[in-house]
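Chemist: Contents of upload-v5.txt (compact mmCIF, N, CA and C atoms):
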```
# COMPACT_ATOMS: atom_id res chain seq x y z
N MET A 1 1.39 13.47 -27.66
CA MET A 1 0.91 12.48 -26.71
C MET A 1 2.05 12.09 -25.77
N LYS A 2 1.75 12.10 -24.49
CA LYS A 2 2.77 11.72 -23.50
C LYS A 2 2.93 10.22 -23.45
N SER A 3 4.13 9.78 -23.17
CA SER A 3 4.35 8.35 -22.98
C SER A 3 4.91 8.12 -21.59
N VAL A 4 5.03 6.85 -21.22
CA VAL A 4 5.56 6.48 -19.92
C VAL A 4 6.99 6.98 -19.75
N LEU A 5 7.73 7.05 -20.84
CA LEU A 5 9.15 7.38 -20.75
C LEU A 5 9.45 8.87 -20.92
N ASP A 6 8.43 9.73 -21.00
CA ASP A 6 8.69 11.16 -21.04
C ASP A 6 9.46 11.56 -19.79
N THR A 7 10.41 12.44 -19.96
CA THR A 7 11.24 12.83 -18.83
C THR A 7 11.11 14.32 -18.57
N ARG A 8 11.43 14.67 -17.35
CA ARG A 8 11.50 16.06 -16.92
C ARG A 8 12.92 16.30 -16.45
N PRO A 9 13.31 17.55 -16.28
CA PRO A 9 14.67 17.82 -15.78
C PRO A 9 14.88 17.21 -14.39
N VAL A 10 16.06 16.70 -14.17
CA VAL A 10 16.43 16.14 -12.88
C VAL A 10 17.49 17.07 -12.29
N PHE A 11 17.25 17.54 -11.07
CA PHE A 11 18.13 18.52 -10.46
C PHE A 11 18.96 17.92 -9.33
N HIS A 12 19.57 16.80 -9.57
CA HIS A 12 20.42 16.18 -8.57
C HIS A 12 21.87 16.61 -8.82
N GLN A 13 22.61 16.77 -7.74
CA GLN A 13 23.98 17.25 -7.84
C GLN A 13 25.00 16.13 -7.67
N ARG A 14 24.70 15.17 -6.80
CA ARG A 14 25.68 14.14 -6.45
C ARG A 14 25.35 12.83 -7.15
N ASP A 15 26.39 12.02 -7.38
CA ASP A 15 26.22 10.75 -8.08
C ASP A 15 25.23 9.83 -7.37
N GLU A 16 25.32 9.76 -6.02
CA GLU A 16 24.43 8.82 -5.30
C GLU A 16 22.97 9.24 -5.40
N THR A 17 22.68 10.55 -5.45
CA THR A 17 21.28 10.96 -5.59
C THR A 17 20.78 10.74 -7.02
N ILE A 18 21.67 10.88 -7.99
CA ILE A 18 21.29 10.59 -9.37
C ILE A 18 21.00 9.11 -9.52
N ARG A 19 21.89 8.26 -8.97
CA ARG A 19 21.67 6.81 -9.04
C ARG A 19 20.38 6.43 -8.31
N GLY A 20 20.12 7.05 -7.17
CA GLY A 20 18.89 6.78 -6.43
C GLY A 20 17.66 7.16 -7.23
N HIS A 21 17.72 8.29 -7.90
CA HIS A 21 16.60 8.73 -8.73
C HIS A 21 16.36 7.76 -9.88
N VAL A 22 17.43 7.37 -10.56
CA VAL A 22 17.31 6.42 -11.68
C VAL A 22 16.77 5.09 -11.18
N PHE A 23 17.26 4.61 -10.03
CA PHE A 23 16.77 3.35 -9.47
C PHE A 23 15.28 3.43 -9.17
N CYS A 24 14.85 4.50 -8.50
CA CYS A 24 13.43 4.65 -8.16
C CYS A 24 12.57 4.75 -9.41
N SER A 25 13.06 5.44 -10.42
CA SER A 25 12.32 5.56 -11.68
C SER A 25 12.19 4.20 -12.36
N PHE A 26 13.28 3.44 -12.40
CA PHE A 26 13.24 2.11 -13.00
C PHE A 26 12.31 1.19 -12.21
N LEU A 27 12.40 1.23 -10.88
CA LEU A 27 11.55 0.40 -10.04
C LEU A 27 10.08 0.74 -10.27
N SER A 28 9.77 2.01 -10.36
CA SER A 28 8.40 2.45 -10.62
C SER A 28 7.90 1.90 -11.95
N LEU A 29 8.72 1.97 -12.97
CA LEU A 29 8.35 1.46 -14.29
C LEU A 29 8.15 -0.05 -14.25
N ALA A 30 9.03 -0.77 -13.54
CA ALA A 30 8.91 -2.23 -13.44
C ALA A 30 7.64 -2.62 -12.68
N LEU A 31 7.32 -1.90 -11.60
CA LEU A 31 6.11 -2.21 -10.83
C LEU A 31 4.85 -1.92 -11.65
N ARG A 32 4.89 -0.84 -12.40
CA ARG A 32 3.73 -0.51 -13.25
C ARG A 32 3.52 -1.58 -14.32
N LYS A 33 4.60 -2.03 -14.93
CA LYS A 33 4.53 -3.09 -15.95
C LYS A 33 3.98 -4.38 -15.33
N GLU A 34 4.43 -4.72 -14.13
CA GLU A 34 3.95 -5.93 -13.45
C GLU A 34 2.47 -5.81 -13.10
N LEU A 35 2.05 -4.63 -12.67
CA LEU A 35 0.63 -4.42 -12.37
C LEU A 35 -0.21 -4.64 -13.62
N TYR A 36 0.20 -4.07 -14.75
CA TYR A 36 -0.53 -4.27 -16.00
C TYR A 36 -0.56 -5.74 -16.40
N ARG A 37 0.57 -6.44 -16.18
CA ARG A 37 0.62 -7.88 -16.52
C ARG A 37 -0.38 -8.65 -15.68
N ARG A 38 -0.44 -8.34 -14.38
CA ARG A 38 -1.37 -9.05 -13.50
C ARG A 38 -2.83 -8.69 -13.80
N LEU A 39 -3.08 -7.43 -14.13
CA LEU A 39 -4.44 -7.04 -14.49
C LEU A 39 -4.89 -7.77 -15.75
N GLU A 40 -3.99 -7.86 -16.73
CA GLU A 40 -4.32 -8.56 -17.96
C GLU A 40 -4.57 -10.05 -17.70
N ALA A 41 -3.75 -10.66 -16.85
CA ALA A 41 -3.92 -12.08 -16.52
C ALA A 41 -5.24 -12.33 -15.80
N ALA A 42 -5.71 -11.32 -15.07
CA ALA A 42 -6.99 -11.45 -14.36
C ALA A 42 -8.18 -11.07 -15.25
N GLY A 43 -7.91 -10.71 -16.50
CA GLY A 43 -8.98 -10.38 -17.43
C GLY A 43 -9.45 -8.94 -17.35
N HIS A 44 -8.63 -8.07 -16.78
CA HIS A 44 -8.99 -6.65 -16.66
C HIS A 44 -8.08 -5.82 -17.56
N CYS A 45 -8.27 -5.94 -18.85
CA CYS A 45 -7.43 -5.23 -19.82
C CYS A 45 -7.98 -3.83 -20.09
N GLY A 46 -7.11 -2.97 -20.55
CA GLY A 46 -7.55 -1.67 -21.02
C GLY A 46 -7.73 -0.60 -19.97
N LEU A 47 -7.27 -0.84 -18.75
CA LEU A 47 -7.40 0.19 -17.72
C LEU A 47 -6.34 1.26 -17.95
N GLU A 48 -6.75 2.50 -17.87
CA GLU A 48 -5.84 3.62 -18.05
C GLU A 48 -5.09 3.92 -16.74
N TRP A 49 -3.81 4.29 -16.86
CA TRP A 49 -3.00 4.57 -15.68
C TRP A 49 -3.60 5.69 -14.84
N SER A 50 -4.11 6.72 -15.48
CA SER A 50 -4.70 7.84 -14.74
C SER A 50 -5.92 7.39 -13.94
N ASP A 51 -6.70 6.47 -14.48
CA ASP A 51 -7.86 5.93 -13.75
C ASP A 51 -7.42 5.07 -12.57
N ILE A 52 -6.38 4.27 -12.79
CA ILE A 52 -5.85 3.43 -11.71
C ILE A 52 -5.38 4.30 -10.55
N LYS A 53 -4.59 5.33 -10.86
CA LYS A 53 -4.09 6.23 -9.82
C LYS A 53 -5.23 6.94 -9.10
N GLN A 54 -6.19 7.41 -9.86
CA GLN A 54 -7.32 8.14 -9.26
C GLN A 54 -8.12 7.24 -8.32
N ASP A 55 -8.38 6.01 -8.73
CA ASP A 55 -9.16 5.08 -7.90
C ASP A 55 -8.39 4.69 -6.63
N LEU A 56 -7.08 4.46 -6.76
CA LEU A 56 -6.29 4.10 -5.58
C LEU A 56 -6.10 5.29 -4.64
N GLU A 57 -5.96 6.48 -5.19
CA GLU A 57 -5.82 7.67 -4.35
C GLU A 57 -7.11 7.97 -3.59
N ALA A 58 -8.25 7.58 -4.15
CA ALA A 58 -9.53 7.81 -3.48
C ALA A 58 -9.72 6.88 -2.28
N LEU A 59 -9.00 5.76 -2.26
CA LEU A 59 -9.09 4.83 -1.14
C LEU A 59 -8.23 5.37 0.00
N GLN A 60 -8.89 5.76 1.07
CA GLN A 60 -8.18 6.34 2.19
C GLN A 60 -8.62 5.67 3.48
N GLU A 61 -7.82 5.85 4.51
CA GLU A 61 -8.11 5.25 5.81
C GLU A 61 -7.80 6.29 6.89
N VAL A 62 -8.70 6.37 7.87
CA VAL A 62 -8.48 7.26 9.00
C VAL A 62 -8.58 6.44 10.27
N SER A 63 -7.86 6.88 11.28
CA SER A 63 -7.92 6.22 12.59
C SER A 63 -8.59 7.17 13.57
N ILE A 64 -9.49 6.62 14.36
CA ILE A 64 -10.15 7.41 15.40
C ILE A 64 -10.03 6.65 16.71
N GLU A 65 -10.07 7.39 17.79
CA GLU A 65 -9.99 6.77 19.11
C GLU A 65 -11.15 7.31 19.93
N GLU A 66 -11.87 6.38 20.54
CA GLU A 66 -13.01 6.75 21.36
C GLU A 66 -13.13 5.76 22.50
N ASN A 67 -13.26 6.27 23.71
CA ASN A 67 -13.41 5.45 24.90
C ASN A 67 -12.30 4.40 25.02
N GLY A 68 -11.08 4.78 24.66
CA GLY A 68 -9.95 3.87 24.78
C GLY A 68 -9.83 2.86 23.65
N ARG A 69 -10.76 2.86 22.71
CA ARG A 69 -10.70 1.95 21.56
C ARG A 69 -10.22 2.71 20.33
N LYS A 70 -9.32 2.13 19.61
CA LYS A 70 -8.82 2.75 18.39
C LYS A 70 -9.39 1.98 17.20
N LEU A 71 -10.06 2.72 16.31
CA LEU A 71 -10.67 2.11 15.13
C LEU A 71 -10.05 2.70 13.87
N SER A 72 -10.00 1.88 12.84
CA SER A 72 -9.54 2.31 11.54
C SER A 72 -10.72 2.19 10.59
N ILE A 73 -11.02 3.27 9.88
CA ILE A 73 -12.16 3.30 8.96
C ILE A 73 -11.65 3.67 7.59
N ARG A 74 -12.03 2.89 6.58
CA ARG A 74 -11.58 3.19 5.22
C ARG A 74 -12.77 3.62 4.36
N THR A 75 -12.45 4.33 3.30
CA THR A 75 -13.47 4.77 2.35
C THR A 75 -13.90 3.59 1.48
N GLN A 76 -14.96 3.80 0.74
CA GLN A 76 -15.48 2.77 -0.15
C GLN A 76 -14.55 2.59 -1.34
N CYS A 77 -14.42 1.35 -1.81
CA CYS A 77 -13.64 1.07 -3.02
C CYS A 77 -14.44 1.55 -4.23
N LEU A 78 -13.87 2.46 -4.97
CA LEU A 78 -14.55 3.00 -6.14
C LEU A 78 -13.85 2.58 -7.42
N GLY A 79 -14.59 2.60 -8.50
CA GLY A 79 -14.02 2.33 -9.81
C GLY A 79 -13.37 0.97 -9.91
N ASN A 80 -12.11 0.97 -10.31
CA ASN A 80 -11.37 -0.26 -10.55
C ASN A 80 -10.57 -0.74 -9.34
N CYS A 81 -10.77 -0.10 -8.21
CA CYS A 81 -9.97 -0.40 -7.02
C CYS A 81 -10.04 -1.89 -6.64
N GLY A 82 -11.22 -2.45 -6.60
CA GLY A 82 -11.38 -3.86 -6.26
C GLY A 82 -10.69 -4.78 -7.24
N LYS A 83 -10.76 -4.45 -8.53
CA LYS A 83 -10.09 -5.25 -9.56
C LYS A 83 -8.57 -5.23 -9.37
N ILE A 84 -8.05 -4.07 -8.98
CA ILE A 84 -6.61 -3.93 -8.79
C ILE A 84 -6.15 -4.77 -7.61
N PHE A 85 -6.87 -4.68 -6.50
CA PHE A 85 -6.52 -5.48 -5.33
C PHE A 85 -6.59 -6.96 -5.67
N GLN A 86 -7.64 -7.38 -6.37
CA GLN A 86 -7.81 -8.78 -6.74
C GLN A 86 -6.66 -9.25 -7.64
N ALA A 87 -6.28 -8.44 -8.61
CA ALA A 87 -5.23 -8.82 -9.56
C ALA A 87 -3.88 -9.03 -8.88
N VAL A 88 -3.60 -8.25 -7.85
CA VAL A 88 -2.30 -8.40 -7.17
C VAL A 88 -2.37 -9.35 -5.98
N GLY A 89 -3.55 -9.90 -5.71
CA GLY A 89 -3.68 -10.89 -4.65
C GLY A 89 -3.69 -10.31 -3.25
N VAL A 90 -4.20 -9.10 -3.10
CA VAL A 90 -4.26 -8.45 -1.80
C VAL A 90 -5.73 -8.26 -1.42
N ALA A 91 -6.07 -8.64 -0.21
CA ALA A 91 -7.45 -8.49 0.25
C ALA A 91 -7.72 -7.02 0.58
N VAL A 92 -8.89 -6.56 0.20
CA VAL A 92 -9.30 -5.21 0.57
C VAL A 92 -9.56 -5.20 2.08
N PRO A 93 -8.98 -4.26 2.81
CA PRO A 93 -9.19 -4.25 4.25
C PRO A 93 -10.66 -4.02 4.60
N PRO A 94 -11.10 -4.50 5.76
CA PRO A 94 -12.50 -4.27 6.14
C PRO A 94 -12.78 -2.78 6.26
N THR A 95 -14.05 -2.42 6.10
CA THR A 95 -14.43 -1.01 6.18
C THR A 95 -14.13 -0.43 7.55
N ILE A 96 -14.44 -1.17 8.60
CA ILE A 96 -14.14 -0.74 9.97
C ILE A 96 -13.42 -1.88 10.66
N ARG A 97 -12.32 -1.57 11.31
CA ARG A 97 -11.61 -2.60 12.07
C ARG A 97 -11.00 -1.98 13.31
N GLN A 98 -10.91 -2.79 14.34
CA GLN A 98 -10.29 -2.33 15.57
C GLN A 98 -8.79 -2.49 15.45
N VAL A 99 -8.07 -1.48 15.87
CA VAL A 99 -6.62 -1.48 15.78
C VAL A 99 -6.07 -1.80 17.16
N ALA A 100 -5.22 -2.79 17.22
CA ALA A 100 -4.60 -3.16 18.49
C ALA A 100 -3.59 -2.10 18.89
N ASP A 101 -3.54 -1.80 20.17
CA ASP A 101 -2.56 -0.87 20.70
C ASP A 101 -1.24 -1.61 20.85
N PRO A 102 -0.19 -1.24 20.09
CA PRO A 102 1.07 -1.98 20.15
C PRO A 102 1.74 -1.93 21.51
N THR A 103 1.42 -0.92 22.31
CA THR A 103 2.04 -0.83 23.63
C THR A 103 1.40 -1.80 24.62
N LYS A 104 0.20 -2.29 24.30
CA LYS A 104 -0.51 -3.20 25.20
C LYS A 104 -0.52 -4.63 24.72
N SER A 105 -0.05 -4.89 23.51
CA SER A 105 -0.12 -6.24 22.97
C SER A 105 0.98 -7.11 23.58
N GLU A 106 0.65 -8.36 23.73
CA GLU A 106 1.60 -9.34 24.26
C GLU A 106 2.00 -10.28 23.14
N CYS A 107 3.19 -10.76 23.19
CA CYS A 107 3.66 -11.72 22.20
C CYS A 107 3.07 -13.08 22.53
N PRO A 108 2.59 -13.82 21.50
CA PRO A 108 2.11 -15.17 21.76
C PRO A 108 3.22 -16.01 22.38
N GLY A 109 2.87 -16.78 23.38
CA GLY A 109 3.85 -17.63 24.03
C GLY A 109 4.58 -16.96 25.17
N SER A 110 4.25 -15.70 25.44
CA SER A 110 4.91 -15.04 26.58
C SER A 110 4.26 -15.52 27.86
N ALA A 111 4.91 -15.28 28.97
CA ALA A 111 4.41 -15.74 30.26
C ALA A 111 3.05 -15.15 30.60
N LYS A 112 2.77 -13.96 30.12
CA LYS A 112 1.50 -13.31 30.44
C LYS A 112 0.34 -13.85 29.63
N THR A 113 0.60 -14.40 28.45
CA THR A 113 -0.50 -14.84 27.59
C THR A 113 -0.61 -16.35 27.45
N ASP A 114 0.40 -17.09 27.81
CA ASP A 114 0.38 -18.55 27.63
C ASP A 114 0.00 -19.21 28.95
N PRO A 115 -1.19 -19.85 29.01
CA PRO A 115 -1.63 -20.46 30.26
C PRO A 115 -0.78 -21.65 30.68
N ARG A 116 0.03 -22.20 29.78
CA ARG A 116 0.87 -23.34 30.12
C ARG A 116 2.09 -22.93 30.94
N ILE A 117 2.39 -21.63 30.99
CA ILE A 117 3.57 -21.17 31.71
C ILE A 117 3.15 -20.69 33.09
N ASP A 118 3.80 -21.26 34.11
CA ASP A 118 3.51 -20.85 35.48
C ASP A 118 4.09 -19.47 35.76
N ASN A 119 3.31 -18.66 36.44
CA ASN A 119 3.74 -17.31 36.76
C ASN A 119 4.05 -17.18 38.26
N TYR A 120 4.62 -18.25 38.85
CA TYR A 120 4.88 -18.25 40.28
C TYR A 120 6.26 -17.75 40.62
N ALA A 121 7.08 -17.47 39.68
CA ALA A 121 8.47 -17.12 39.98
C ALA A 121 8.60 -15.81 40.71
```
As structure tokens, what does this structure read like?
Modeler:
Amino acid sequence: MKSVLDTRPVFHQRDETIRGHVFCSFLSLALRKELYRRLEAAGHCGLEWSDIKQDLEALQEVSIEENGRKLSIRTQCLGNCGKIFQAVGVAVPPTIRQVADPTKSECPGSAKTDPRIDNYA
């Protein structure tokens, strides 16, 4: 039976890449433990890691552009996906949402968007 701590060969040559690998592995283990803690606190005990990964991997998002509008469309939340989002306190994104074009957005309070600022200069 495999456990969380089963290891595979690591083919790093330099100290900094070995340390980076160990750090990422430890961080991954800590995040997984925290996720299980939050799921348990939310009353969702007994979820298998393979099921969690499968459900989250099935959640995908694509962006499409039509007539100058950019939309983001996500797949349906399947299995335990909703429980996972709820346990970590993250809202599931809407199924369809309009994506703002970052090149056209204005900062709040700028002269172009704030009616209190005179543009006579």
Chemist: Give me, as a ChimeraX atom specification, all polymer residues having an atom no more than 9 Å from region 66-69 of chain A, counting only C-alpha atoms and skipping those fewer than 4 positions away in the same chain.
Modeler: /A:98-101
Chemist: Which neighbours of Leu39 (chain A) fall inside 6.5 Å, counting all atoms listed in the file, when residues of the same chain fewer than 6 positions from it are skipped, and could you give them as a list in words?
Modeler: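 Answer for this query is Cys45, Ala87 and Val88 of chain A.
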Chemist: Grab the residues selected above and save them as a compact mmCIF listing (two decimals), in the coordinates of the input with N, CA and C atoms.
Modeler:
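Okay, this is what ended up in result.txt:
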```
# COMPACT_ATOMS: atom_id res chain seq x y z
N CYS A 45 -8.27 -5.94 -18.85
CA CYS A 45 -7.43 -5.23 -19.82
C CYS A 45 -7.98 -3.83 -20.09
N ALA A 87 -6.28 -8.44 -8.61
CA ALA A 87 -5.23 -8.82 -9.56
C ALA A 87 -3.88 -9.03 -8.88
N VAL A 88 -3.60 -8.25 -7.85
CA VAL A 88 -2.30 -8.40 -7.17
C VAL A 88 -2.37 -9.35 -5.98
```
Chemist: Using only C-alpha atoms, find the one residue out of A:Leu71, A:Ile64, A:Leu31, A:Ile84 that sits nearest to Ile52 (chain A).
Modeler: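 Of the candidates, the smallest distance to Ile52 (chain A) is held by A:Ile84.
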Chemist: Could you jot down the CA of Asn80 (chain A) to atom N of Ala58 (chain A) separation for me, Å, one decimal place?
Modeler: 10.6 Å
Chemist: Expressed in Å to a single decimal, how great is the separation between atom C of Arg38 (chain A) and atom C of Glu57 (chain A)?
Modeler: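 Going from atom C of Arg38 (chain A) over to atom C of Glu57 (chain A) covers 20.0 Å.
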Chemist: To one decimal place in Å, what is the distance between atom N of Gly89 (chain A) and CA of Leu35 (chain A)?
Modeler: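 These two atoms are separated by 9.6 Å.
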Chemist: Please determine, counting only N, CA and C atoms, which residue among A:Val62, A:Cys81, A:Ala41, A:Ile73 has the shortest atom-to-atom distance to Arg97 (chain A).
Modeler: A:Ile73
Chemist: Tell me which of A:Ser72, A:Ala42, A:Leu59, A:Arg19 sits closest to Gln86 (chain A), counting only N, CA and C atoms.
Modeler: A:Ala42
Chemist: Have a look at A:Leu56, A:His44, A:Trp49, A:His21 and name the one nearest to Thr75 (chain A); count only C-alpha atoms.
Modeler: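 Closest candidate: A:Leu56.
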Chemist: Between A:Val90, A:Glu48, A:Thr95, A:Gly43, which residue has the minimum interatomic distance to Gln76 (chain A), considering only N, CA and C atoms?
Modeler: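 So, comparing all the options, the nearest one is A:Thr95.
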Chemist: Out of region 20-86 of chain A, which residues get helix (DSSP H, G or I) from DSSP, as number ranges by chain?
Modeler: A: 20-41, 49-58, 81-86
